[in-house]
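> Provided herewith is a single structure, encoded as structure tokens, for subsequent inquiry.
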Amino acid sequence: MPIGLPEFAANPENRVPVILLLDTSGSMSGQPIQELNRGIAAFKEDVLKDTQASLSVEVAIVTIGPAVQLIQDFVTVDNFTPPTLEASGQTPMGAGIEYALNLLEDRKETYKANGIQYYRPWVFLITDGAPTDDWRSAAQRVRENEANRRLSFFAVAVQGANINTLQQIAPSERPPILLNGLDFRSLFVWLSTSMKRVSSGKVGEVVALPPMGWGNVGI
Amino acid sequence: MGWRAIARSSIGTSHKKQQMPCQDYGDYCISNNVIVGAVADGAGSAKFADIGAKLSVKTALAHLEEFQKVKPYWQERCRPRSEQPAREMFTEAVKKVVTALQNQARGGGYSCQDLACTLLLFVATPYWLAAMQIGDGFIVVCSQEGNHQMLFPPDKGEFINETSFVTSANVLSEMRVRVLTGKQKFICASTDGLERVAIQMRDWTPFPPFFHPLEEYLGENSNPEKEDEYIMNFLESDRLNAHTDDDKTLLLCLYDCQ
């Protein structure tokens, strides 16, 4: 009798968590928020081209303005419906960052409880303004987390952003990046490409990120 | 009577696409009733990881084989007294590996880190088994009674793209050692390329339906090295490559007590 083939254990996909922490305060209204919405849609579209990534990349969206709001809890990209964001009110960025970091900790607990392996999470802050609340303790948490390699924090400054404050929030090894005009689309396609690389990364490998054609380091 | 074994590696689809070499290596040697085995997985980020993996396996095996010859009491004893002698034996092997890698790097004019790889070693008699592991990958054994167990819990950082290597500065403290005193009939040492299909990650237990056919294959082939079609077909199958794009290694050993 021929020998059968090894059967495979059914393990969940590894996850690549990413939080989009988006400034939706009043100053983003009009063209900026429209371009941001289009960018998020382009992100989904681009990740979907890679079957593996669409099952691995998990996106959550937290908006800042007028209050902090969880618009989208973590969902794999194949099940993600891009929202239509609207802009108004203040920019409670400190509270937004704290919320995002807590959300991430909760998600990690869920992963651990279910035996799901995950890559280092990304938090992607996009803002065109300045915090209207106390942001210092949030900034310290970002820096501690980054120093302990618990996450990668990216700050993207849209024209009009207070770059000085952002520099104090963003980890020193990854300073804020100035977006070229309102080219959110290029930014999100870059994010998608990066996520695909991370999700197919090998053990022990430091993934080289694609060049940031959409902005430049603002120092 | 005695051990029979086979070691095969197959390149991952992602490495093939990038025209990289297979960075896994596995080998073994059998003398009398003792088998010593080694597998290594070259770090994806290391420039000459394929050379590092092969050199590490060859060097470690040569040392362990020599060790069995000069200290034959290892074979005769029904069980080792404690974990300590096993740790000393593996420590010596790792030191030899590190020296070999350093010499290789010096000769080639590059850094030792360019040869970074994981390393898993074991020595098994019919009565006991000693094993060590640096970095990820797995050793699964099956006792005469048919119970599978994974020797070492996974070596992972918090995130999956982190592990340790034989070239790490603190390699000896990263080295995990275990001695098993029961009679083992089947041993499978492998790199992390097969982890997702062979191990249930929820509780890090072996998935027996993965291992049973491999054991059966060894049971039915008295000369597996010559009859490797089954293993190679499996390692190169689209079915397997749909689950992993990494290099894959199987080092399979069976103790035939008839």
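For the structure tokens, the naming scheme is as follows: chains receive sequential letters (A, B, ...) according to their order of presentation, residues are indexed from 1 within each chain, and ligands are indexed from 1 in presentation order.
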Quick one: which residues from chain A are at most 12 Å off chain B, using only C-alpha atoms, as a PyMOL selection string?
chain A and resi 1-17+51-52+108-109+111-121+148-151+197-208
> Selection from above, N, CA and C atoms, as a tab-separated table (two decimals), in the first residue's frame, can you write it?

```
chain	number	residue	atom	x	y	z
A	1	MET	N	0.85	-1.20	0.00
A	1	MET	CA	0.00	0.00	0.00
A	1	MET	C	0.87	1.25	0.00
A	2	PRO	N	0.59	2.21	-0.89
A	2	PRO	CA	1.45	3.40	-0.90
A	2	PRO	C	1.30	4.20	0.41
A	3	ILE	N	2.36	4.83	0.78
A	3	ILE	CA	2.34	5.62	2.01
A	3	ILE	C	1.64	6.95	1.75
A	4	GLY	N	0.78	7.34	2.64
A	4	GLY	CA	0.08	8.62	2.49
A	4	GLY	C	1.03	9.80	2.65
A	5	LEU	N	0.54	10.98	2.35
A	5	LEU	CA	1.36	12.18	2.51
A	5	LEU	C	1.11	12.82	3.87
A	6	PRO	N	2.11	13.51	4.40
A	6	PRO	CA	1.90	14.19	5.68
A	6	PRO	C	0.72	15.17	5.59
A	7	GLU	N	-0.12	15.13	6.60
A	7	GLU	CA	-1.20	16.11	6.68
A	7	GLU	C	-0.67	17.36	7.39
A	8	PHE	N	-1.37	18.46	7.18
A	8	PHE	CA	-0.87	19.72	7.73
A	8	PHE	C	-1.70	20.21	8.91
A	9	ALA	N	-1.01	20.72	9.89
A	9	ALA	CA	-1.69	21.35	11.01
A	9	ALA	C	-2.38	22.62	10.50
A	10	ALA	N	-3.56	22.89	11.03
A	10	ALA	CA	-4.29	24.10	10.62
A	10	ALA	C	-3.94	25.23	11.57
A	11	ASN	N	-3.02	26.08	11.15
A	11	ASN	CA	-2.62	27.21	12.00
A	11	ASN	C	-3.14	28.50	11.41
A	12	PRO	N	-3.53	29.45	12.27
A	12	PRO	CA	-3.96	30.74	11.73
A	12	PRO	C	-2.80	31.48	11.08
A	13	GLU	N	-3.13	32.35	10.14
A	13	GLU	CA	-2.10	33.16	9.49
A	13	GLU	C	-1.38	34.04	10.51
A	14	ASN	N	-0.10	34.28	10.25
A	14	ASN	CA	0.61	35.29	11.04
A	14	ASN	C	-0.03	36.65	10.75
A	15	ARG	N	0.00	37.53	11.73
A	15	ARG	CA	-0.65	38.82	11.53
A	15	ARG	C	0.35	39.98	11.53
A	16	VAL	N	0.03	40.96	10.73
A	16	VAL	CA	0.79	42.21	10.68
A	16	VAL	C	-0.16	43.32	11.09
A	17	PRO	N	-0.20	43.70	12.37
A	17	PRO	CA	-1.15	44.74	12.77
A	17	PRO	C	-0.67	46.14	12.42
A	51	THR	N	-2.49	37.94	-2.07
A	51	THR	CA	-3.41	37.12	-1.28
A	51	THR	C	-2.90	36.91	0.14
A	52	GLN	N	-1.62	36.57	0.24
A	52	GLN	CA	-1.04	36.33	1.56
A	52	GLN	C	-1.18	37.56	2.46
A	108	LYS	N	-2.72	42.44	20.97
A	108	LYS	CA	-1.64	41.48	21.21
A	108	LYS	C	-2.10	40.38	22.17
A	109	GLU	N	-2.88	40.77	23.18
A	109	GLU	CA	-3.40	39.77	24.13
A	109	GLU	C	-4.29	38.77	23.39
A	111	TYR	N	-4.09	37.96	20.25
A	111	TYR	CA	-3.22	37.10	19.45
A	111	TYR	C	-2.63	35.99	20.33
A	112	LYS	N	-2.11	36.42	21.46
A	112	LYS	CA	-1.43	35.45	22.34
A	112	LYS	C	-2.41	34.38	22.81
A	113	ALA	N	-3.62	34.80	23.17
A	113	ALA	CA	-4.62	33.86	23.69
A	113	ALA	C	-5.02	32.85	22.62
A	114	ASN	N	-4.85	33.21	21.35
A	114	ASN	CA	-5.28	32.33	20.27
A	114	ASN	C	-4.12	31.69	19.52
A	115	GLY	N	-2.92	31.82	20.08
A	115	GLY	CA	-1.77	31.18	19.44
A	115	GLY	C	-1.45	31.76	18.08
A	116	ILE	N	-1.76	33.03	17.87
A	116	ILE	CA	-1.47	33.67	16.59
A	116	ILE	C	-0.14	34.41	16.70
A	117	GLN	N	0.74	34.16	15.74
A	117	GLN	CA	2.02	34.87	15.76
A	117	GLN	C	1.86	36.19	15.03
A	118	TYR	N	2.63	37.17	15.46
A	118	TYR	CA	2.49	38.47	14.82
A	118	TYR	C	3.82	39.18	14.67
A	119	TYR	N	3.86	40.04	13.69
A	119	TYR	CA	5.05	40.85	13.43
A	119	TYR	C	4.96	42.13	14.24
A	120	ARG	N	6.05	42.86	14.26
A	120	ARG	CA	6.05	44.10	15.02
A	120	ARG	C	4.98	45.04	14.45
A	121	PRO	N	4.08	45.54	15.31
A	121	PRO	CA	2.99	46.38	14.81
A	121	PRO	C	3.48	47.74	14.34
A	148	ASN	N	11.91	49.85	23.00
A	148	ASN	CA	11.84	48.43	23.35
A	148	ASN	C	11.44	47.57	22.15
A	149	ARG	N	11.39	48.18	21.00
A	149	ARG	CA	11.06	47.49	19.75
A	149	ARG	C	9.70	46.81	19.82
A	150	ARG	N	8.78	47.40	20.56
A	150	ARG	CA	7.45	46.82	20.66
A	150	ARG	C	6.54	47.26	19.52
A	151	LEU	N	6.92	48.33	18.86
A	151	LEU	CA	6.16	48.78	17.69
A	151	LEU	C	7.03	49.71	16.85
A	197	ARG	N	5.84	43.42	2.21
A	197	ARG	CA	7.21	42.96	2.47
A	197	ARG	C	7.34	42.38	3.86
A	198	VAL	N	6.74	43.09	4.84
A	198	VAL	CA	6.82	42.60	6.22
A	198	VAL	C	6.15	41.24	6.33
A	199	SER	N	4.97	41.09	5.73
A	199	SER	CA	4.20	39.86	5.91
A	199	SER	C	4.85	38.67	5.23
A	200	SER	N	5.75	38.92	4.29
A	200	SER	CA	6.44	37.78	3.67
A	200	SER	C	7.88	37.69	4.17
A	201	GLY	N	8.19	38.50	5.21
A	201	GLY	CA	9.54	38.55	5.72
A	201	GLY	C	9.95	37.23	6.36
A	202	LYS	N	11.24	36.99	6.37
A	202	LYS	CA	11.74	35.76	6.95
A	202	LYS	C	12.13	35.98	8.40
A	203	VAL	N	12.18	34.88	9.12
A	203	VAL	CA	12.60	34.93	10.51
A	203	VAL	C	14.00	35.54	10.60
A	204	GLY	N	14.17	36.48	11.48
A	204	GLY	CA	15.49	37.05	11.71
A	204	GLY	C	15.86	38.13	10.71
A	205	GLU	N	14.97	38.39	9.79
A	205	GLU	CA	15.33	39.32	8.73
A	205	GLU	C	14.84	40.73	9.06
A	206	VAL	N	15.70	41.70	8.81
A	206	VAL	CA	15.27	43.09	8.90
A	206	VAL	C	14.79	43.47	7.51
A	207	VAL	N	13.53	43.83	7.42
A	207	VAL	CA	12.94	44.08	6.11
A	207	VAL	C	13.35	45.48	5.63
A	208	ALA	N	13.88	45.53	4.41
A	208	ALA	CA	14.21	46.83	3.82
A	208	ALA	C	12.94	47.44	3.27
```
> Find the residues near stretch 18-35 of chain B: any atom within 7 Å, counting only C-alpha atoms, skip ones fewer than 2 places away on the same chain, and give them as a ChimeraX atom specification.
/B:2-3,7-11,14-16,37-42,49-50,53-54,57,61,75,123-126,247-249,251
> Using only C-alpha atoms, find the one residue out of B:Thr205, B:Val179, B:Thr91, B:Tyr110 that sits nearest to B:Pro153.
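Answer, going by the shortest atom-to-atom distance: B:Thr205.
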> With a distance cut-off of 8 Å and only C-alpha atoms, select the neighbouring residues of A:Val59, excluding the residue or stretch itself and same-chain residues fewer than 5 positions from it, and output the selection as a ChimeraX atom specification.
/A:17-20,72-77,80
> The selected residues should be written to file as a PDB file, in the first residue's frame (atoms: C-alpha atoms).

```pdb
ATOM      1  CA  PRO A  17      -1.148  44.736  12.771  1.00  0.00           C
ATOM      2  CA  VAL A  18      -1.262  48.345  11.616  1.00  0.00           C
ATOM      3  CA  ILE A  19      -3.168  51.209  13.211  1.00  0.00           C
ATOM      4  CA  LEU A  20      -4.028  54.243  11.124  1.00  0.00           C
ATOM      5  CA  GLN A  72     -12.584  50.447  12.459  1.00  0.00           C
ATOM      6  CA  ASP A  73     -11.455  47.771  14.896  1.00  0.00           C
ATOM      7  CA  PHE A  74      -8.749  45.373  13.709  1.00  0.00           C
ATOM      8  CA  VAL A  75      -9.814  43.522  10.593  1.00  0.00           C
ATOM      9  CA  THR A  76      -7.879  41.656   7.921  1.00  0.00           C
ATOM     10  CA  VAL A  77      -7.726  43.610   4.701  1.00  0.00           C
ATOM     11  CA  PHE A  80     -11.999  45.735   5.365  1.00  0.00           C
TER      12      PHE A  80
END
```
> With distances taken over only C-alpha atoms, which residue among A:Asp128, A:Asp183, A:Asp106, A:Glu98 lies nearest A:Gly160?
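Of all the options, A:Asp128 lies closest to A:Gly160.
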> Per DSSP on the backbone, what are the alpha helix (DSSP H) residues of stretch 26-164 of chain B, as a VMD selection string?
chain B and resid 49 to 70 73 to 76 83 to 108
> Contacts of B:Ile6 at 7 Å or less, counting only C-alpha atoms, minus same-chain residues fewer than 6 places along, as a list in words?
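The residues that qualify are Pro224, Glu225, Leu251, Leu252 and Cys253 of chain B.
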> Tell me, in Å to one decimal, how far atom CA of A:Ala42 is from atom CA of A:Gly94.
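According to the coordinates, atom CA of A:Ala42 and atom CA of A:Gly94 are separated by 27.8 Å.
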> So the first atom is atom CA of A:Pro82 and the second is atom CA of A:Leu70; what is the distance between them in Å, to one decimal place?
13.4 Å
> Sort by chain and increasing residue number a table of all residues of stretch 53-81 of chain A within 9 Å of stretch 24-40 of chain A, each with its closest pair of atoms and their distance in Å to one decimal, counting only C-alpha atoms, and write it as a Markdown table.

```
| residue | atom | partner | partner_atom | distance |
| --- | --- | --- | --- | --- |
| A:Thr63 | CA | A:Thr24 | CA | 6.0 |
| A:Ile64 | CA | A:Thr24 | CA | 5.5 |
| A:Gly65 | CA | A:Ser25 | CA | 4.2 |
| A:Pro66 | CA | A:Ser25 | CA | 5.7 |
| A:Ala67 | CA | A:Ser25 | CA | 8.6 |
```
> Need the shell around stretch 169-180 of chain A: protein/DNA/RNA residues with any atom at most 10 Å away, counting only C-alpha atoms. Skip same-chain ones fewer than 3 positions apart. Format as JSON, numbers by chain?
{"A": [94, 97, 125, 126, 127, 128, 135, 136, 137, 138, 139, 140, 141, 142, 143, 144, 145, 146, 147, 152, 153, 154, 155, 156, 157, 158, 159, 160, 161, 163, 164, 165, 166, 183, 184, 186, 187, 212, 213, 214, 215, 216, 217, 218, 219]}
